[in-house]
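Enquirer: Sharing work18.pdb below, PDB, C-alpha atoms:
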MODEL        1
ATOM      1  CA  MET A  18      46.600 -51.467  14.367
ATOM      2  CA  PHE A  19      45.311 -55.036  14.211
ATOM      3  CA  LYS A  20      47.634 -56.146  16.990
ATOM      4  CA  GLU A  21      46.196 -53.725  19.573
ATOM      5  CA  LYS A  22      42.609 -54.581  18.656
ATOM      6  CA  PHE A  23      43.292 -58.288  18.865
ATOM      7  CA  LEU A  24      45.124 -58.032  22.203
ATOM      8  CA  ASN A  25      42.300 -55.982  23.700
ATOM      9  CA  LEU A  26      39.900 -58.816  22.925
ATOM     10  CA  LEU A  27      42.006 -61.279  24.944
ATOM     11  CA  HIS A  28      42.047 -61.735  28.683
ATOM     12  CA  ARG A  29      44.817 -59.682  30.332
ATOM     13  CA  ILE A  30      46.707 -62.833  31.334
ATOM     14  CA  TYR A  31      47.211 -63.823  27.685
ATOM     15  CA  ARG A  32      48.225 -60.332  26.517
ATOM     16  CA  LYS A  33      51.827 -60.757  27.705
ATOM     17  CA  ASP A  34      52.265 -64.329  26.477
ATOM     18  CA  PHE A  35      55.280 -64.703  24.127
ATOM     19  CA  PHE A  36      53.425 -66.983  21.726
ATOM     20  CA  ILE A  37      50.514 -64.559  21.450
ATOM     21  CA  ALA A  38      52.936 -61.628  20.948
ATOM     22  CA  ASP A  39      54.755 -63.446  18.116
ATOM     23  CA  TYR A  40      51.471 -64.559  16.594
ATOM     24  CA  THR A  41      49.977 -61.043  16.602
ATOM     25  CA  ASN A  42      53.224 -59.579  15.201
ATOM     26  CA  ALA A  43      53.130 -62.033  12.297
ATOM     27  CA  ILE A  44      49.443 -61.401  11.590
ATOM     28  CA  ASN A  45      49.963 -57.630  11.883
ATOM     29  CA  LYS A  46      52.783 -57.771   9.299
ATOM     30  CA  LEU A  47      50.648 -59.797   6.896
ATOM     31  CA  LEU A  48      47.701 -57.431   7.245
ATOM     32  CA  ASN A  49      49.914 -54.361   6.749
ATOM     33  CA  ASP A  50      51.347 -55.935   3.585
ATOM     34  CA  LEU A  51      47.820 -56.719   2.435
ATOM     35  CA  ASP A  52      46.754 -53.142   3.136
ATOM     36  CA  GLY A  53      49.615 -51.892   0.928
ATOM     37  CA  ILE A  54      48.544 -54.252  -1.857
ATOM     38  CA  ILE A  55      44.946 -53.016  -1.636
ATOM     39  CA  VAL A  56      46.070 -49.381  -1.849
ATOM     40  CA  ARG A  57      48.239 -50.221  -4.863
ATOM     41  CA  LEU A  58      45.329 -52.006  -6.578
ATOM     42  CA  LYS A  59      43.103 -48.963  -5.993
ATOM     43  CA  ASN A  60      45.752 -46.665  -7.463
ATOM     44  CA  ILE A  61      46.608 -48.842 -10.473
ATOM     45  CA  PHE A  62      43.625 -47.428 -12.403
ATOM     46  CA  ASN A  63      44.258 -43.869 -11.248
ATOM     47  CA  PHE A  64      46.967 -43.033 -13.768
ATOM     48  CA  GLY A  65      47.969 -39.854 -11.951
ATOM     49  CA  LEU A  66      48.986 -41.893  -8.886
ATOM     50  CA  LEU A  67      51.013 -44.582 -10.630
ATOM     51  CA  ASP A  68      54.333 -45.459  -9.034
ATOM     52  CA  GLU A  69      57.358 -46.880 -10.879
ATOM     53  CA  LYS A  70      56.284 -50.504 -10.435
ATOM     54  CA  SER A  71      52.748 -49.759 -11.675
ATOM     55  CA  CYS A  72      54.126 -47.851 -14.676
ATOM     56  CA  GLN A  73      56.235 -50.867 -15.597
ATOM     57  CA  PHE A  74      53.178 -53.120 -15.223
ATOM     58  CA  TRP A  75      51.054 -50.973 -17.587
ATOM     59  CA  GLU A  76      53.874 -50.449 -20.078
ATOM     60  CA  ASN A  77      54.262 -54.216 -20.210
ATOM     61  CA  LYS A  78      50.524 -54.846 -20.660
ATOM     62  CA  LEU A  79      50.010 -52.042 -23.195
ATOM     63  CA  LEU A  80      53.212 -52.831 -25.129
ATOM     64  CA  LEU A  81      54.691 -49.387 -24.522
ATOM     65  CA  LYS A  82      58.404 -48.735 -24.628
ATOM     66  CA  SER A  83      59.221 -45.366 -23.168
ATOM     67  CA  LYS A  84      62.396 -43.715 -22.013
ATOM     68  CA  ASP A  85      60.611 -40.467 -21.149
ATOM     69  CA  ASN A  86      60.404 -38.947 -17.711
ATOM     70  CA  PHE A  87      57.981 -40.361 -15.175
ATOM     71  CA  GLU A  88      55.183 -37.852 -15.839
ATOM     72  CA  ASN A  89      55.260 -38.408 -19.609
ATOM     73  CA  ARG A  90      55.161 -42.164 -19.059
ATOM     74  CA  ARG A  91      51.944 -41.701 -17.054
ATOM     75  CA  TYR A  92      50.465 -39.583 -19.864
ATOM     76  CA  ALA A  93      51.382 -42.249 -22.412
ATOM     77  CA  ILE A  94      49.796 -45.022 -20.331
ATOM     78  CA  ARG A  95      46.586 -43.058 -19.880
ATOM     79  CA  ALA A  96      46.416 -42.172 -23.578
ATOM     80  CA  LYS A  97      46.985 -45.791 -24.621
ATOM     81  CA  TRP A  98      44.359 -46.998 -22.114
ATOM     82  CA  ILE A  99      41.757 -44.592 -23.534
ATOM     83  CA  GLN A 100      42.466 -45.811 -27.071
ATOM     84  CA  GLY A 101      41.785 -49.433 -26.260
ATOM     85  CA  ASN A 102      38.689 -50.980 -27.820
ATOM     86  CA  GLN A 103      36.844 -47.735 -28.431
ATOM     87  CA  LYS A 104      35.139 -46.398 -31.506
ATOM     88  CA  ASN A 105      37.141 -43.708 -33.283
ATOM     89  CA  CYS A 106      35.585 -40.301 -32.937
ATOM     90  CA  ILE A 107      36.629 -36.789 -32.002
ATOM     91  CA  SER A 108      35.690 -37.310 -28.337
ATOM     92  CA  ILE A 109      38.185 -40.193 -28.064
ATOM     93  CA  ILE A 110      40.899 -38.046 -29.648
ATOM     94  CA  GLN A 111      40.003 -35.276 -27.172
ATOM     95  CA  GLN A 112      40.328 -37.761 -24.296
ATOM     96  CA  VAL A 113      43.777 -38.749 -25.552
ATOM     97  CA  CYS A 114      44.727 -35.061 -25.722
ATOM     98  CA  ASN A 115      43.331 -34.462 -22.219
ATOM     99  CA  SER A 116      45.313 -37.363 -20.855
ATOM    100  CA  TRP A 117      48.414 -35.851 -22.375
ATOM    101  CA  ARG A 118      48.126 -32.293 -21.130
ATOM    102  CA  ASN A 119      45.070 -31.893 -18.893
ATOM    103  CA  GLY A 120      42.879 -29.538 -20.909
ATOM    104  CA  GLU A 121      45.675 -27.676 -22.667
ATOM    105  CA  ILE A 122      44.734 -29.189 -26.016
ATOM    106  CA  GLU A 123      41.447 -28.992 -27.920
ATOM    107  CA  ALA A 124      40.536 -31.521 -30.591
ATOM    108  CA  ASP A 125      37.951 -30.633 -33.205
ATOM    109  CA  PHE A 126      36.797 -31.811 -36.623
ATOM    110  CA  LYS A 127      36.607 -29.031 -39.224
ATOM    111  CA  GLU A 128      36.596 -29.069 -43.008
ATOM    112  CA  GLY A 129      37.300 -32.809 -43.201
ATOM    113  CA  LYS A 130      40.371 -32.630 -40.960
ATOM    114  CA  ILE A 131      41.077 -33.205 -37.322
ATOM    115  CA  GLN A 132      42.373 -30.026 -35.708
ATOM    116  CA  ILE A 133      44.578 -30.290 -32.632
ATOM    117  CA  LYS A 134      44.826 -26.848 -31.043
ATOM    118  CA  PHE A 135      47.251 -26.015 -28.221
ATOM    119  CA  VAL A 136      45.349 -23.433 -26.202
ATOM    120  CA  ASN A 137      47.226 -22.911 -22.944
ATOM    121  CA  LYS A 138      50.904 -22.323 -23.651
ATOM    122  CA  TYR A 139      52.747 -20.469 -26.354
ATOM    123  CA  GLY A 140      54.979 -22.263 -28.833
ATOM    124  CA  ILE A 141      55.522 -25.925 -29.618
ATOM    125  CA  PRO A 142      55.343 -28.436 -26.717
ATOM    126  CA  SER A 143      58.551 -30.314 -25.980
ATOM    127  CA  ASP A 144      56.987 -33.798 -26.055
ATOM    128  CA  LEU A 145      55.038 -33.364 -29.288
ATOM    129  CA  GLU A 146      56.298 -36.500 -31.070
ATOM    130  CA  THR A 147      54.765 -38.853 -28.506
ATOM    131  CA  LEU A 148      51.421 -37.062 -28.704
ATOM    132  CA  LYS A 149      51.517 -37.323 -32.512
ATOM    133  CA  LYS A 150      52.148 -41.047 -32.209
ATOM    134  CA  PHE A 151      49.074 -41.547 -30.022
ATOM    135  CA  ILE A 152      46.890 -39.364 -32.228
ATOM    136  CA  ASN A 153      47.968 -41.404 -35.269
ATOM    137  CA  GLU A 154      47.098 -44.620 -33.438
ATOM    138  CA  THR A 155      43.688 -43.257 -32.400
ATOM    139  CA  LYS A 156      42.422 -41.404 -35.458
ATOM    140  CA  PRO A 157      40.908 -43.138 -38.471
ATOM    141  CA  ALA A 158      43.595 -43.849 -41.059
ATOM    142  CA  HIS A 159      41.840 -41.955 -43.862
ATOM    143  CA  LEU A 160      41.701 -38.654 -41.940
ATOM    144  CA  SER A 161      44.543 -36.195 -41.700
ATOM    145  CA  TYR A 162      45.118 -33.807 -38.850
ATOM    146  CA  GLN A 163      46.677 -30.436 -38.386
ATOM    147  CA  LEU A 164      48.341 -28.941 -35.351
ATOM    148  CA  LEU A 165      47.503 -25.364 -34.394
ATOM    149  CA  TYR A 166      49.963 -23.629 -32.084
ATOM    150  CA  LYS A 167      49.451 -20.549 -29.980
ATOM    151  CA  TYR A 168      51.934 -17.737 -30.516
ATOM    152  CA  LEU A 169      52.172 -14.348 -28.898
ATOM    153  CA  LEU A 170      51.886 -11.808 -31.696
ATOM    154  CA  VAL A 171      53.662  -8.473 -31.603
ATOM    155  CA  GLU A 172      50.337  -6.663 -32.074
ATOM    156  CA  ASN A 173      48.968  -8.291 -28.893
ATOM    157  CA  ILE A 174      52.041  -7.903 -26.689
ATOM    158  CA  HIS A 175      50.905  -4.570 -25.179
ATOM    159  CA  LYS A 176      48.052  -6.391 -23.415
ATOM    160  CA  LEU A 177      50.437  -8.689 -21.530
ATOM    161  CA  LYS A 178      53.813  -6.969 -21.138
ATOM    162  CA  THR A 179      55.128  -3.569 -20.170
ATOM    163  CA  ILE A 180      58.055  -1.909 -21.954
ATOM    164  CA  GLU A 181      60.339  -2.798 -19.014
ATOM    165  CA  ASP A 182      59.292  -6.468 -19.236
ATOM    166  CA  MET A 183      59.890  -6.517 -22.989
ATOM    167  CA  GLU A 184      63.407  -5.109 -22.659
ATOM    168  CA  LYS A 185      64.381  -8.131 -20.552
ATOM    169  CA  ILE A 186      63.302 -10.675 -23.190
ATOM    170  CA  THR A 187      65.843 -11.664 -25.851
ATOM    171  CA  LEU A 188      64.764 -12.440 -29.403
ATOM    172  CA  ASP A 189      65.545 -16.154 -28.938
ATOM    173  CA  MET A 190      63.328 -16.284 -25.843
ATOM    174  CA  PHE A 191      60.559 -14.462 -27.674
ATOM    175  CA  ILE A 192      60.606 -16.784 -30.687
ATOM    176  CA  ASN A 193      60.620 -19.982 -28.600
ATOM    177  CA  GLY A 194      57.928 -18.751 -26.219
ATOM    178  CA  LYS A 195      60.184 -19.093 -23.180
ATOM    179  CA  GLU A 196      60.829 -16.276 -20.768
ATOM    180  CA  ASN A 197      63.411 -17.905 -18.500
TER     181      ASN A 197
ENDMDL
END
Now, as a test, write the supplied structure out as structure tokens.
Expert:
Amino acid sequence: MFKEKFLNLLHRIYRKDFFIADYTNAINKLLNDLDGIIVRLKNIFNFGLLDEKSCQFWENKLLLKSKDNFENRRYAIRAKWIQGNQKNCISIIQQVCNSWRNGEIEADFKEGKIQIKFVNKYGIPSDLETLKKFINETKPAHLSYQLLYKYLLVENIHKLKTIEDMEKITLDMFINGKEN
């Protein structure tokens, strides 16, 4: 990109000079590397776009040690970032929950307890222990919290499933909230 622009500014006699060609190739490589660095710096604060190297950078800076999959590592980094230097309140806990599972969790304060309600999926999430760890780090030490899970009740099943669909589901699948 830079090379063509630069060569077009030169007189046509110089455009085929070996020195100028080598010089523009070197400058073009440097500018392309710089462009990659700029893109990476823009993305380093967009936790959804973190690559492996950026994840390692943040885990190092935030003192996180994770052996989870790549997506869960991003969630953990975002949750830890939100915690940093902020006053403890329910909105901060909600932000931590949002960073974990984009809107699938609601945090509320009722009857002197923090309530963490899983609203989107049925059953217990697979990566619950890490979320608990971040909630414990965020919430005030004197407050307890309770987790509220969403289950599909037998009395409500007729609204979502037909008899044919129900016959295909085993009891184990029904209890664990998994249909596959």
Enquirer: Anything within 10 Å of (45.3, -27.2, -30.8): list those residues as a PyMOL selection string, counting all atoms listed in the file and sticking to the file's coordinates.
Expert: chain A and resi 114+121-125+131-137+163-167
Enquirer: Contacts of Phe87 (chain A) at 9 Å or less, counting all atoms listed in the file, minus same-chain residues fewer than 6 places along, as a ChimeraX atom specification?
Expert: /A:68-69,72
Enquirer: Do a neighbour search on Glu21 (chain A) at 10 Å with only C-alpha atoms, toss out local chain neighbours closer than 4 positions, and write the hits as a list in words.
Expert: Asn25, Leu26, Arg32, Thr41 and Asn45 of chain A
Enquirer: Let me know the residues the PyMOL selection byres ((chain A and resi 85) around 12) catches in the file above, as a PyMOL selection string.
Expert: chain A and resi 72+81-84+86-94+143-144+146-147
Enquirer: Please enumerate the residues selected by the PyMOL selection byres ((chain A and resi 109) around 12) when evaluated against the supplied file, formatted as number ranges by chain.
Expert: A: 96-108, 110-116, 123-125, 131, 151-152, 154-157
Enquirer: Rank nothing, just name the residue among A:Met183, A:Leu24, A:Ile174, A:Ile55 nearest to Asp39 (chain A), using only C-alpha atoms.
Expert: A:Leu24
Enquirer: Using Å and a single decimal, report how far CA of Lys22 (chain A) sits from CA of Lys46 (chain A).
Expert: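 Calculated distance between CA of Lys46 (chain A) and CA of Lys22 (chain A) is 14.2 Å.
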Enquirer: Can you measure CA of Asn77 (chain A) to CA of Val56 (chain A) for me? One decimal in Å is fine.
Expert: 20.7 Å
Enquirer: Would you compute the distance between CA of Leu51 (chain A) and CA of Phe23 (chain A)? Give it in Å to one decimal.
Expert: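 Going from CA of Leu51 (chain A) over to CA of Phe23 (chain A) covers 17.1 Å.
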Enquirer: For the file shown, what are the residues hit by the PyMOL selection byres ((chain A and resi 161) around 6), laid out as a count of residues only?
Expert: 3
Enquirer: Which is closest to Ala38 (chain A) among A:Arg57, A:Phe126, A:Phe64, A:Lys20, if we use all atoms listed in the file?
Expert: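 Nearest to Ala38 (chain A): A:Lys20.
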Enquirer: With 5 Å of padding per side, what axis-aligned box (centre and edge lengths, Å, one decimal) covers all the listed atoms of region 28-32 of chain A? Give it as JSON.
Expert:
{"center_x": 45.1, "center_y": -61.8, "center_z": 28.9, "size_x": 16.2, "size_y": 14.1, "size_z": 14.8}
Enquirer: Kindly add N, CA and C atoms to the incomplete region 152-173 of chain A and provide the output as a short mmCIF file (atom, residue, chain, number, x, y, z; two decimals), keeping the file's coordinate frame.
Expert:
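Final file, out_18.cif:
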data_model
loop_
_atom_site.label_atom_id
_atom_site.label_comp_id
_atom_site.auth_asym_id
_atom_site.auth_seq_id
_atom_site.Cartn_x
_atom_site.Cartn_y
_atom_site.Cartn_z
N ILE A 152 47.98 -39.86 -31.37
CA ILE A 152 46.89 -39.36 -32.23
C ILE A 152 46.81 -40.22 -33.49
N ASN A 153 47.96 -40.55 -34.08
CA ASN A 153 47.97 -41.40 -35.27
C ASN A 153 47.40 -42.79 -34.99
N GLU A 154 47.65 -43.31 -33.80
CA GLU A 154 47.10 -44.62 -33.44
C GLU A 154 45.60 -44.56 -33.19
N THR A 155 45.10 -43.40 -32.77
CA THR A 155 43.69 -43.26 -32.40
C THR A 155 42.80 -42.86 -33.57
N LYS A 156 43.26 -41.95 -34.39
CA LYS A 156 42.42 -41.40 -35.46
C LYS A 156 42.20 -42.44 -36.57
N PRO A 157 41.11 -42.29 -37.30
CA PRO A 157 40.91 -43.14 -38.47
C PRO A 157 42.01 -42.89 -39.50
N ALA A 158 42.44 -43.93 -40.15
CA ALA A 158 43.60 -43.85 -41.06
C ALA A 158 43.35 -42.92 -42.25
N HIS A 159 42.11 -42.77 -42.68
CA HIS A 159 41.84 -41.96 -43.86
C HIS A 159 41.77 -40.45 -43.56
N LEU A 160 41.79 -40.07 -42.29
CA LEU A 160 41.70 -38.65 -41.94
C LEU A 160 43.08 -38.09 -41.61
N SER A 161 43.30 -36.88 -42.07
CA SER A 161 44.54 -36.20 -41.70
C SER A 161 44.25 -35.28 -40.52
N TYR A 162 45.31 -34.76 -39.94
CA TYR A 162 45.12 -33.81 -38.85
C TYR A 162 46.12 -32.68 -38.99
N GLN A 163 45.77 -31.57 -38.39
CA GLN A 163 46.68 -30.44 -38.39
C GLN A 163 46.84 -29.95 -36.95
N LEU A 164 48.02 -29.45 -36.67
CA LEU A 164 48.34 -28.94 -35.35
C LEU A 164 48.32 -27.42 -35.40
N LEU A 165 47.60 -26.81 -34.47
CA LEU A 165 47.50 -25.36 -34.39
C LEU A 165 48.16 -24.91 -33.10
N TYR A 166 49.20 -24.10 -33.24
CA TYR A 166 49.96 -23.63 -32.08
C TYR A 166 49.54 -22.22 -31.71
N LYS A 167 49.77 -21.88 -30.48
CA LYS A 167 49.45 -20.55 -29.98
C LYS A 167 50.75 -19.75 -29.89
N TYR A 168 50.77 -18.63 -30.55
CA TYR A 168 51.93 -17.74 -30.52
C TYR A 168 51.51 -16.36 -30.03
N LEU A 169 52.41 -15.71 -29.35
CA LEU A 169 52.17 -14.35 -28.90
C LEU A 169 52.59 -13.40 -30.03
N LEU A 170 51.61 -12.71 -30.58
CA LEU A 170 51.89 -11.81 -31.70
C LEU A 170 52.33 -10.45 -31.18
N VAL A 171 53.14 -9.79 -31.97
CA VAL A 171 53.66 -8.47 -31.60
C VAL A 171 52.51 -7.49 -31.39
N GLU A 172 51.46 -7.59 -32.20
CA GLU A 172 50.34 -6.66 -32.07
C GLU A 172 49.56 -6.85 -30.77
N ASN A 173 49.69 -8.02 -30.14
CA ASN A 173 48.97 -8.29 -28.89
C ASN A 173 49.84 -8.17 -27.65
#
